[in-house]
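Asks: Input structure: coords-v2.tsv, which contains TSV, C-alpha atoms and all ligand atoms.
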chain	number	residue	atom	x	y	z
A	1	MET	CA	-7.09	-113.45	-41.69
A	2	LEU	CA	-4.67	-112.56	-44.48
A	3	VAL	CA	-4.06	-108.91	-45.43
A	4	PHE	CA	-1.66	-107.21	-47.82
A	5	PRO	CA	-0.18	-104.00	-46.29
A	6	ASN	CA	0.75	-101.67	-49.11
A	7	ALA	CA	3.31	-98.86	-49.30
A	8	LYS	CA	2.84	-95.12	-49.95
A	9	LEU	CA	4.36	-92.40	-52.08
A	10	ASN	CA	4.66	-88.72	-51.22
A	11	LEU	CA	3.72	-86.23	-53.96
A	12	GLY	CA	5.59	-83.14	-52.77
A	13	LEU	CA	6.86	-82.80	-49.21
A	14	TYR	CA	7.61	-79.57	-47.39
A	15	VAL	CA	9.02	-79.52	-43.86
A	16	THR	CA	7.51	-76.34	-42.49
A	17	GLY	CA	8.41	-76.07	-38.80
A	18	ARG	CA	9.36	-77.75	-35.55
A	19	ARG	CA	6.86	-78.67	-32.84
A	20	PRO	CA	7.47	-78.43	-29.09
A	21	ASP	CA	7.72	-82.27	-28.98
A	22	GLY	CA	10.66	-82.18	-31.43
A	23	PHE	CA	8.69	-83.55	-34.39
A	24	ARG	CA	8.52	-81.48	-37.58
A	25	THR	CA	5.36	-80.19	-39.19
A	26	LEU	CA	4.98	-80.96	-42.85
A	27	GLU	CA	2.74	-80.63	-45.88
A	28	SER	CA	2.58	-83.51	-48.29
A	29	VAL	CA	0.16	-85.54	-50.36
A	30	PHE	CA	0.18	-89.26	-49.60
A	31	VAL	CA	-1.01	-91.81	-52.15
A	32	PRO	CA	-1.24	-95.60	-51.74
A	33	LEU	CA	1.36	-97.57	-53.70
A	34	PRO	CA	0.33	-101.18	-54.42
A	35	TRP	CA	3.74	-102.66	-53.49
A	36	CYS	CA	2.70	-105.01	-50.69
A	37	ASP	CA	3.81	-107.18	-47.79
A	38	ALA	CA	1.62	-110.07	-46.63
A	39	LEU	CA	0.43	-110.32	-43.02
A	40	GLU	CA	-1.48	-113.23	-41.52
A	41	VAL	CA	-3.28	-112.84	-38.19
A	42	LEU	CA	-4.80	-115.95	-36.57
A	43	PRO	CA	-6.19	-116.64	-33.09
A	44	ALA	CA	-3.74	-118.98	-31.31
A	45	ALA	CA	-2.84	-120.55	-27.97
A	46	ALA	CA	0.11	-118.18	-27.48
A	47	ILE	CA	1.41	-114.93	-28.98
A	48	SER	CA	4.01	-115.40	-31.72
A	49	LEU	CA	5.50	-113.59	-34.70
A	50	THR	CA	7.30	-115.29	-37.56
A	51	LEU	CA	9.07	-113.40	-40.33
A	52	THR	CA	10.02	-114.27	-43.89
A	53	GLY	CA	11.16	-112.21	-46.88
A	54	ILE	CA	13.45	-109.17	-46.52
A	55	PRO	CA	15.27	-109.24	-43.14
A	56	ILE	CA	14.01	-106.54	-40.77
A	57	PRO	CA	16.70	-104.84	-38.64
A	58	GLY	CA	16.07	-104.92	-34.88
A	59	GLU	CA	14.56	-107.40	-32.46
A	60	PRO	CA	11.35	-109.14	-33.62
A	61	ALA	CA	9.81	-108.11	-30.27
A	62	THR	CA	9.96	-104.47	-31.45
A	63	ASN	CA	8.24	-105.25	-34.75
A	64	LEU	CA	5.44	-102.79	-35.41
A	65	CYS	CA	2.92	-105.62	-35.93
A	66	LEU	CA	3.49	-106.84	-32.37
A	67	ARG	CA	3.46	-103.27	-31.07
A	68	ALA	CA	0.07	-102.77	-32.75
A	69	TYR	CA	-1.23	-105.92	-31.03
A	70	GLU	CA	0.12	-104.83	-27.61
A	71	LEU	CA	-1.41	-101.38	-28.01
A	72	LEU	CA	-4.90	-102.81	-28.55
A	73	ARG	CA	-4.44	-105.49	-25.89
A	74	ALA	CA	-3.89	-102.73	-23.32
A	75	ASP	CA	-7.50	-101.59	-23.94
A	76	PHE	CA	-9.34	-104.74	-25.08
A	77	ALA	CA	-9.46	-108.35	-23.85
A	78	LEU	CA	-7.71	-109.73	-26.91
A	79	PRO	CA	-6.95	-113.45	-27.13
A	80	PRO	CA	-3.40	-114.44	-28.18
A	81	VAL	CA	-2.62	-114.36	-31.89
A	82	GLN	CA	-0.02	-115.83	-34.18
A	83	LEU	CA	1.31	-113.32	-36.66
A	84	HIS	CA	3.23	-114.07	-39.80
A	85	LEU	CA	4.75	-111.21	-41.79
A	86	HIS	CA	6.23	-111.76	-45.23
A	87	LYS	CA	8.29	-108.62	-45.87
A	88	VAL	CA	8.54	-107.40	-49.45
A	89	VAL	CA	8.55	-103.57	-49.29
A	90	PRO	CA	12.10	-102.21	-48.85
A	91	ILE	CA	12.95	-100.78	-45.43
A	92	GLY	CA	14.32	-97.27	-44.88
A	93	ALA	CA	12.97	-96.39	-48.29
A	94	GLY	CA	10.48	-93.58	-47.58
A	95	LEU	CA	7.69	-95.93	-48.63
A	96	GLY	CA	6.15	-96.29	-45.15
A	97	GLY	CA	6.52	-100.06	-45.22
A	98	GLY	CA	6.66	-100.62	-41.46
A	99	SER	CA	3.88	-98.11	-40.88
A	100	GLY	CA	1.61	-99.96	-43.32
A	101	ASP	CA	2.23	-103.24	-41.48
A	102	ALA	CA	1.27	-101.60	-38.18
A	103	ALA	CA	-1.91	-100.03	-39.53
A	104	PHE	CA	-3.01	-103.22	-41.30
A	105	ALA	CA	-2.39	-105.17	-38.08
A	106	LEU	CA	-4.68	-102.74	-36.22
A	107	ARG	CA	-7.34	-103.08	-38.94
A	108	ALA	CA	-7.11	-106.88	-39.02
A	109	LEU	CA	-7.40	-107.18	-35.23
A	110	ASN	CA	-10.37	-104.80	-35.25
A	111	ASP	CA	-12.12	-106.98	-37.86
A	112	LEU	CA	-11.10	-110.37	-36.44
A	113	PHE	CA	-12.22	-109.62	-32.88
A	114	GLN	CA	-15.06	-107.25	-33.78
A	115	LEU	CA	-13.72	-104.42	-31.66
A	116	GLN	CA	-16.09	-101.98	-33.43
A	117	LEU	CA	-13.42	-99.27	-33.66
A	118	SER	CA	-14.25	-96.56	-36.20
A	119	ALA	CA	-11.68	-95.31	-38.73
A	120	GLU	CA	-11.06	-92.31	-36.45
A	121	GLY	CA	-10.56	-94.64	-33.46
A	122	LEU	CA	-8.09	-96.76	-35.41
A	123	GLU	CA	-6.26	-93.61	-36.56
A	124	SER	CA	-5.71	-92.51	-32.95
A	125	TYR	CA	-4.11	-95.87	-32.14
A	126	ALA	CA	-2.07	-95.69	-35.37
A	127	ARG	CA	-0.70	-92.21	-34.49
A	128	ARG	CA	0.82	-93.68	-31.36
A	129	LEU	CA	2.87	-96.14	-33.45
A	130	GLY	CA	4.39	-93.64	-35.92
A	131	ALA	CA	3.66	-90.49	-37.86
A	132	ASP	CA	3.02	-92.33	-41.14
A	133	CYS	CA	0.79	-95.04	-39.67
A	134	ALA	CA	-2.52	-93.18	-39.58
A	135	PHE	CA	-2.55	-92.71	-43.37
A	136	PHE	CA	-2.85	-96.48	-43.90
A	137	ILE	CA	-6.13	-96.75	-41.96
A	138	GLN	CA	-8.22	-95.13	-44.71
A	139	ASN	CA	-5.50	-95.74	-47.32
A	140	LYS	CA	-6.64	-93.22	-49.93
A	141	PRO	CA	-4.96	-90.10	-51.40
A	142	VAL	CA	-4.92	-87.33	-48.76
A	143	PHE	CA	-3.42	-83.92	-48.12
A	144	ALA	CA	-1.40	-84.44	-44.92
A	145	ILE	CA	-0.42	-81.77	-42.40
A	146	GLU	CA	0.98	-81.56	-38.83
A	147	LYS	CA	3.26	-84.59	-38.25
A	148	GLY	CA	1.87	-86.11	-41.45
A	149	ASP	CA	-0.91	-87.66	-39.39
A	150	VAL	CA	-3.75	-85.15	-39.85
A	151	PHE	CA	-5.58	-85.30	-43.16
A	152	GLU	CA	-7.66	-83.17	-45.48
A	153	ASN	CA	-9.44	-84.45	-48.58
A	154	ILE	CA	-7.88	-83.99	-51.98
A	155	ASN	CA	-9.23	-84.79	-55.42
A	156	LEU	CA	-6.49	-86.48	-57.35
A	157	ASP	CA	-7.15	-88.68	-60.34
A	158	LEU	CA	-4.12	-90.88	-60.99
A	159	ARG	CA	-5.94	-93.45	-63.13
A	160	GLY	CA	-3.90	-94.43	-66.16
A	161	VAL	CA	-0.63	-93.20	-64.63
A	162	ALA	CA	2.14	-95.78	-64.81
A	163	CYS	CA	4.77	-95.61	-62.08
A	164	LYS	CA	8.26	-96.99	-61.55
A	165	VAL	CA	9.77	-97.00	-58.05
A	166	ILE	CA	13.51	-97.61	-57.70
A	167	TYR	CA	15.16	-98.51	-54.39
A	168	PRO	CA	18.96	-98.42	-54.64
A	169	GLY	CA	19.51	-100.60	-51.56
A	170	LEU	CA	20.39	-97.63	-49.38
A	171	HIS	CA	18.78	-97.63	-45.93
A	172	ILE	CA	18.18	-94.01	-44.90
A	173	SER	CA	16.87	-93.69	-41.35
A	174	THR	CA	13.93	-91.32	-41.07
A	175	ALA	CA	15.37	-89.59	-37.98
A	176	GLU	CA	18.71	-89.01	-39.76
A	177	ALA	CA	16.92	-87.58	-42.80
A	178	TYR	CA	14.86	-85.13	-40.70
A	179	ALA	CA	18.02	-84.03	-38.87
A	180	ARG	CA	19.46	-82.89	-42.23
A	181	VAL	CA	16.47	-80.70	-43.19
A	182	THR	CA	16.04	-77.09	-42.07
A	183	PRO	CA	12.31	-76.37	-41.75
A	184	ARG	CA	11.08	-73.41	-43.80
A	185	PRO	CA	7.68	-71.73	-43.82
A	186	LEU	CA	5.60	-72.78	-46.81
A	187	ARG	CA	6.62	-71.04	-50.04
A	188	HIS	CA	3.77	-72.06	-52.34
A	189	GLY	CA	0.58	-74.07	-52.54
A	190	LEU	CA	1.05	-77.81	-52.98
A	191	ARG	CA	-2.67	-78.42	-53.38
A	192	GLU	CA	-2.88	-75.87	-56.19
A	193	ALA	CA	0.25	-77.20	-57.91
A	194	LEU	CA	-1.09	-80.78	-57.90
A	195	GLY	CA	-4.37	-79.48	-59.37
A	196	GLN	CA	-2.47	-78.54	-62.55
A	197	PRO	CA	-1.55	-81.04	-65.31
A	198	LEU	CA	0.97	-83.65	-64.17
A	199	GLU	CA	3.50	-82.42	-66.76
A	200	THR	CA	3.81	-79.11	-64.85
A	201	TRP	CA	4.67	-80.74	-61.49
A	202	ARG	CA	8.32	-81.03	-62.47
A	203	HIS	CA	8.61	-77.25	-62.09
A	204	THR	CA	6.27	-76.75	-59.14
A	205	VAL	CA	6.27	-79.78	-56.81
A	206	SER	CA	9.33	-80.81	-54.79
A	207	ASN	CA	10.44	-82.75	-51.73
A	208	ASP	CA	12.60	-80.91	-49.15
A	209	PHE	CA	14.45	-84.14	-48.32
A	210	GLU	CA	15.88	-84.25	-51.83
A	211	ASP	CA	18.00	-81.09	-51.48
A	212	ALA	CA	19.09	-82.14	-48.00
A	213	LEU	CA	20.05	-85.73	-48.87
A	214	THR	CA	21.40	-85.54	-52.43
A	215	PRO	CA	24.80	-84.03	-51.45
A	216	HIS	CA	25.33	-87.04	-49.15
A	217	TYR	CA	23.80	-89.65	-51.48
A	218	PRO	CA	24.42	-88.58	-55.13
A	219	VAL	CA	22.83	-91.85	-56.33
A	220	LEU	CA	19.44	-90.25	-55.57
A	221	SER	CA	19.87	-87.54	-58.21
A	222	GLU	CA	21.36	-90.06	-60.64
A	223	ILE	CA	18.22	-92.23	-60.41
A	224	LYS	CA	15.98	-89.19	-60.78
A	225	ALA	CA	17.89	-88.07	-63.90
A	226	ALA	CA	17.64	-91.61	-65.32
A	227	LEU	CA	13.85	-91.60	-64.81
A	228	TYR	CA	13.54	-88.28	-66.64
A	229	ALA	CA	15.83	-89.58	-69.41
A	230	ALA	CA	13.50	-92.62	-69.71
A	231	GLY	CA	10.56	-90.28	-70.31
A	232	ALA	CA	9.02	-89.72	-66.87
A	233	ALA	CA	6.77	-86.66	-66.73
A	234	TYR	CA	7.53	-86.31	-63.02
A	235	ALA	CA	10.19	-87.89	-60.79
A	236	SER	CA	10.91	-87.45	-57.09
A	237	LEU	CA	12.28	-88.93	-53.91
A	238	SER	CA	9.49	-90.49	-51.81
A	239	GLY	CA	9.35	-89.33	-48.17
A	240	SER	CA	12.77	-89.38	-46.57
A	241	GLY	CA	14.13	-91.79	-49.21
A	242	SER	CA	15.92	-93.63	-50.52
A	243	ALA	CA	13.27	-94.79	-53.01
A	244	VAL	CA	12.85	-92.54	-56.06
A	245	TYR	CA	9.80	-92.82	-58.33
A	246	GLY	CA	8.85	-91.70	-61.82
A	247	LEU	CA	5.35	-91.12	-63.19
A	248	PHE	CA	4.49	-91.92	-66.82
A	249	PRO	CA	0.96	-90.72	-67.61
A	250	GLY	CA	-0.91	-92.40	-70.44
A	251	GLN	CA	1.38	-95.45	-70.50
A	252	GLU	CA	0.33	-99.01	-69.70
A	253	THR	CA	3.74	-99.81	-68.20
A	254	PRO	CA	6.85	-97.68	-67.67
A	255	PRO	CA	9.73	-98.14	-70.13
A	256	ASN	CA	12.52	-100.62	-69.41
A	257	MET	CA	15.62	-99.14	-67.81
A	258	SER	CA	18.98	-100.75	-67.39
A	259	LEU	CA	19.69	-100.65	-63.63
A	260	PRO	CA	22.19	-102.37	-61.33
A	261	ALA	CA	21.02	-105.89	-60.39
A	262	GLU	CA	20.98	-105.09	-56.66
A	263	TYR	CA	18.34	-102.35	-57.06
A	264	GLN	CA	14.75	-103.29	-56.20
A	265	VAL	CA	12.13	-102.04	-58.61
A	266	TRP	CA	8.33	-101.92	-58.52
A	267	GLU	CA	6.32	-100.89	-61.55
A	268	GLY	CA	2.66	-100.77	-62.38
A	269	GLN	CA	-0.37	-98.49	-62.35
A	270	LEU	CA	-1.05	-96.34	-59.28
B	301	LIG	C1	9.22	-88.91	-44.02
B	301	LIG	C2	7.81	-89.49	-43.92
B	301	LIG	O1	7.80	-90.83	-44.39
B	301	LIG	C3	6.89	-88.65	-44.81
B	301	LIG	O2	5.69	-89.31	-45.05
B	301	LIG	C4	7.30	-89.48	-42.47
B	301	LIG	O3	7.28	-88.18	-41.94
B	301	LIG	C5	8.06	-90.44	-41.57
B	301	LIG	O4	7.15	-90.98	-40.66
B	301	LIG	P1	7.50	-92.25	-39.74
B	301	LIG	O5	8.50	-93.12	-40.42
B	301	LIG	O6	6.20	-92.85	-39.33
B	301	LIG	O7	8.22	-91.54	-38.54
B	301	LIG	P2	8.22	-91.90	-36.97
B	301	LIG	O8	8.56	-93.35	-36.83
B	301	LIG	O9	6.96	-91.40	-36.33
B	301	LIG	O10	9.42	-90.99	-36.47
B	301	LIG	C6	10.78	-91.30	-36.71
B	301	LIG	C7	11.61	-90.05	-36.44
B	301	LIG	O11	11.45	-89.12	-37.53
B	301	LIG	C8	11.37	-87.78	-37.05
B	301	LIG	N1	10.07	-87.20	-37.46
B	301	LIG	C9	9.08	-87.96	-37.98
B	301	LIG	C10	7.90	-87.40	-38.43
B	301	LIG	C11	7.74	-85.99	-38.30
B	301	LIG	N2	6.63	-85.38	-38.71
B	301	LIG	N3	8.74	-85.25	-37.75
B	301	LIG	C12	9.91	-85.82	-37.35
B	301	LIG	O12	10.80	-85.12	-36.88
B	301	LIG	C13	11.56	-87.86	-35.55
B	301	LIG	O13	12.94	-87.67	-35.32
B	301	LIG	C14	11.17	-89.28	-35.21
B	301	LIG	O14	11.84	-89.75	-34.06
B	302	LIG	N1	7.13	-104.44	-39.84
B	302	LIG	C1	8.22	-103.68	-40.01
B	302	LIG	N2	8.70	-103.41	-41.22
B	302	LIG	C2	9.78	-102.61	-41.39
B	302	LIG	N3	10.48	-102.08	-40.40
B	302	LIG	C3	10.04	-102.31	-39.14
B	302	LIG	C4	8.91	-103.10	-38.90
B	302	LIG	N4	8.72	-103.16	-37.57
B	302	LIG	C5	9.69	-102.43	-37.01
B	302	LIG	N5	10.50	-101.90	-37.93
B	302	LIG	C6	11.67	-101.04	-37.65
B	302	LIG	O1	11.50	-99.79	-38.34
B	302	LIG	C7	12.71	-99.44	-39.05
B	302	LIG	C8	12.33	-98.86	-40.41
B	302	LIG	O2	11.76	-97.64	-40.25
B	302	LIG	P1	12.00	-96.48	-41.29
B	302	LIG	O3	11.12	-95.38	-40.83
B	302	LIG	O4	13.45	-96.22	-41.45
B	302	LIG	O5	11.55	-97.10	-42.69
B	302	LIG	P2	10.19	-97.55	-43.34
B	302	LIG	O6	9.25	-98.16	-42.36
B	302	LIG	O7	10.60	-98.38	-44.51
B	302	LIG	O8	9.47	-96.33	-43.96
B	302	LIG	P3	9.76	-94.77	-43.97
B	302	LIG	O9	11.18	-94.60	-44.45
B	302	LIG	O10	8.75	-94.24	-44.91
B	302	LIG	O11	9.52	-94.29	-42.59
B	302	LIG	C9	13.46	-100.75	-39.25
B	302	LIG	O12	14.85	-100.51	-39.17
B	302	LIG	C10	12.98	-101.64	-38.13
B	302	LIG	O13	13.87	-101.60	-37.05
Take the structure I supplied and represent it as structure tokens, if you would.
Ligand SMILES: C[C@](O)(CO)[C@H](O)COP(=O)(O)OP(=O)(O)OC[C@H]1O[C@@H](n2ccc(N)nc2=O)[C@H](O)[C@@H]1O
Ligand SMILES: Nc1ncnc2c1ncn2[C@@H]1O[C@H](COP(=O)(O)OP(=O)(O)OP(=O)(O)O)[C@@H](O)[C@H]1O
Replies:
Amino acid sequence: MLVFPNAKLNLGLYVTGRRPDGFRTLESVFVPLPWCDALEVLPAAAISLTLTGIPIPGEPATNLCLRAYELLRADFALPPVQLHLHKVVPIGAGLGGGSGDAAFALRALNDLFQLQLSAEGLESYARRLGADCAFFIQNKPVFAIEKGDVFENINLDLRGVACKVIYPGLHISTAEAYARVTPRPLRHGLREALGQPLETWRHTVSNDFEDALTPHYPVLSEIKAALYAAGAAYASLSGSGSAVYGLFPGQETPPNMSLPAEYQVWEGQL
């Protein structure tokens, strides 16, 4: 079975408090971003994982795809599988790349071996692999609360919105990014702000990681300014960075921008 784990973007992100387990509570809207890895899952004589594409830091044994397999194998009589991951989505980018791989591995194993797990069942396994993972089970725009793993519906029509995502090659660890943010109780309504025309979001929708990280990584505000200069109606850091995106409503494709060759860029319709 071949699947294509996509990435995500955060529209607004507010870190609102700290939980007894040390994790932060947040409010954010998650939307799927069709920048994809490729993951193949096949029944095999022995368990294996092969990797191509962008190098992934850390031991392959700790790869989230294998961790997803081990999690299900603890509860179901799963046969061995061979996994192949072709990594495309930048790592440490705030795009949830690893989380998407884990969730798509859970979904593929559920389908391949007919485990009959519901979306809610898969979400509970996904939560155990990372805060972002559960989003990728249903993989549709949601209003996220708690650790970013509890969801409410949101009506958001992003058809016809072109998007450019720029990754400056800077790996920001999620834990480091959270350590730099001071949680604050919610100041205003994200849901209401996103219900207004996209052109107003620039003044009403923000990401708490941006203020916390920009003094340490000025390149983030430079990219955001370049996106606005290129005509974006809204630009923001995604998640804990370092990817920054711009939205260009009513355009087939975003405008060309002259960027350093080492930057990775995705563009298309959301
Ligand atoms: C920044 C976001 O991408 C926004 O969508 C996510 O909150 C990050 O989620 P994630 O990468 O799946 O994070 P995890 O792998 O679960 O956690 C990594 C580390 O980030 C911190 N962390 C993460 C999520 C959260 N709600 N509070 C936290 O404090 C913790 O220090 C944790 O040890
Ligand atoms: N399949 C995978 N893809 C990417 N990273 C993985 C994967 N499996 C395990 N990891 C580990 O997770 C770390 C990346 O996590 P990190 O949270 O920083 O970034 P991310 O997954 O790109 O997304 P986000 O920044 O949104 O959380 C890597 O350094 C790597 O050690």
Asks: Record the distance separating CA of Ser173 in chain A and CA of Arg67 in chain A, expressed in Å with one decimal.
Replies: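 Going from CA of Ser173 in chain A over to CA of Arg67 in chain A covers 19.4 Å.
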Asks: Could you list, as JSON, numbers by chain, all the residues within 6 Å of ligand LIG 301 (chain B), counting only C-alpha atoms and all ligand atoms?
Replies: {"A": [23, 24, 25, 94, 96, 99, 130, 131, 132, 133, 147, 148, 174, 175, 178, 239, 240]}
Asks: Nearest to Phe209 in chain A: which of A:Ala179, A:Val150, A:Ala103, A:Leu39 is it, counting only C-alpha atoms?
Replies: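 Of all the options, A:Ala179 lies closest to Phe209 in chain A.
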Asks: My list of candidates is A:Ala232, A:Leu259, A:Ala74, A:Leu112. Which is closest to Lys164 in chain A when distances are computed with only C-alpha atoms?
Replies: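 Distance minimum relative to Lys164 in chain A lands on A:Ala232.
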Asks: Distance CA of Pro20 in chain A-CA of Gly58 in chain A, one decimal place?
Replies: 28.4 Å
Asks: If we count only C-alpha atoms, what is near Leu49 in chain A at a cut-off of 12 Å, once residues fewer than 4 positions away on the same chain are taken out, given as a PDB file with C-alpha atoms, keeping the file's coordinate frame?
Replies:
ATOM      1  CA  LEU A  39       0.430-110.320 -43.020  1.00  0.00           C
ATOM      2  CA  GLU A  40      -1.480-113.230 -41.520  1.00  0.00           C
ATOM      3  CA  VAL A  41      -3.280-112.840 -38.190  1.00  0.00           C
ATOM      4  CA  LEU A  42      -4.800-115.950 -36.570  1.00  0.00           C
ATOM      5  CA  ALA A  44      -3.740-118.980 -31.310  1.00  0.00           C
ATOM      6  CA  GLU A  59      14.560-107.400 -32.460  1.00  0.00           C
ATOM      7  CA  PRO A  60      11.350-109.140 -33.620  1.00  0.00           C
ATOM      8  CA  ALA A  61       9.810-108.110 -30.270  1.00  0.00           C
ATOM      9  CA  THR A  62       9.960-104.470 -31.450  1.00  0.00           C
ATOM     10  CA  ASN A  63       8.240-105.250 -34.750  1.00  0.00           C
ATOM     11  CA  LEU A  64       5.440-102.790 -35.410  1.00  0.00           C
ATOM     12  CA  CYS A  65       2.920-105.620 -35.930  1.00  0.00           C
ATOM     13  CA  LEU A  66       3.490-106.840 -32.370  1.00  0.00           C
ATOM     14  CA  ARG A  67       3.460-103.270 -31.070  1.00  0.00           C
ATOM     15  CA  TYR A  69      -1.230-105.920 -31.030  1.00  0.00           C
ATOM     16  CA  PRO A  80      -3.400-114.440 -28.180  1.00  0.00           C
ATOM     17  CA  VAL A  81      -2.620-114.360 -31.890  1.00  0.00           C
ATOM     18  CA  GLN A  82      -0.020-115.830 -34.180  1.00  0.00           C
ATOM     19  CA  LEU A  83       1.310-113.320 -36.660  1.00  0.00           C
ATOM     20  CA  HIS A  84       3.230-114.070 -39.800  1.00  0.00           C
ATOM     21  CA  LEU A  85       4.750-111.210 -41.790  1.00  0.00           C
ATOM     22  CA  HIS A  86       6.230-111.760 -45.230  1.00  0.00           C
TER      23      HIS A  86
END
Asks: Out of A:Gly246, A:Pro260, A:Gly231, A:Pro185, which residue has the shortest atom-to-atom distance to Tyr14 in chain A when counting all atoms listed in the file?
Replies: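 Comparing A:Gly246, A:Pro260, A:Gly231, A:Pro185 against Tyr14 in chain A, the winner is A:Pro185.
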Asks: Is it possible to get the residues within 6 Å of (16.3, -92.7, -49.3) (coordinates as in the file, counting all atoms listed in the file) written as a list of chain:residue names?
Replies: A:Ala93, A:Ile172, A:Ser240, A:Gly241, A:Ser242, A:Ala243
Asks: Do you have the atom C6 of ligand LIG 302 (chain B)-CA of Ile56 in chain A distance handy?
Replies: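 Distance between the two atoms: 6.7 Å.
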Asks: For ligand LIG 302 (chain B), I'd like the enclosing box, axis-aligned and padded by 5 Å on every side, reported as lines of an AutoDock Vina configuration file with centre and edge lengths in Å to one decimal.
Replies:
center_x = 11.0
center_y = -99.3
center_z = -41.0
size_x = 17.7
size_y = 20.2
size_z = 17.9
Asks: Out of A:Pro249, A:Pro90, A:Gly160, A:Pro197, which residue has the shortest atom-to-atom distance to Trp266 in chain A when counting all atoms listed in the file?
Replies: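 Nearest candidate to Trp266 in chain A out of A:Pro249, A:Pro90, A:Gly160, A:Pro197: A:Pro90.
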Asks: Counting all atoms listed in the file, which residue out of A:Leu194, A:Cys36, A:Ala229, A:Val181 sits closest to Asp211 in chain A?
Replies: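 Among the listed residues, the smallest separation from Asp211 in chain A belongs to A:Val181.
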Asks: With distances taken over only C-alpha atoms and all ligand atoms, which residue among A:Leu122, A:Leu2, A:Leu51, A:Leu72 lies nearest ligand LIG 302 (chain B)?
Replies: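 Once distances to ligand LIG 302 (chain B) are computed over only C-alpha atoms and all ligand atoms, the minimum belongs to A:Leu51.
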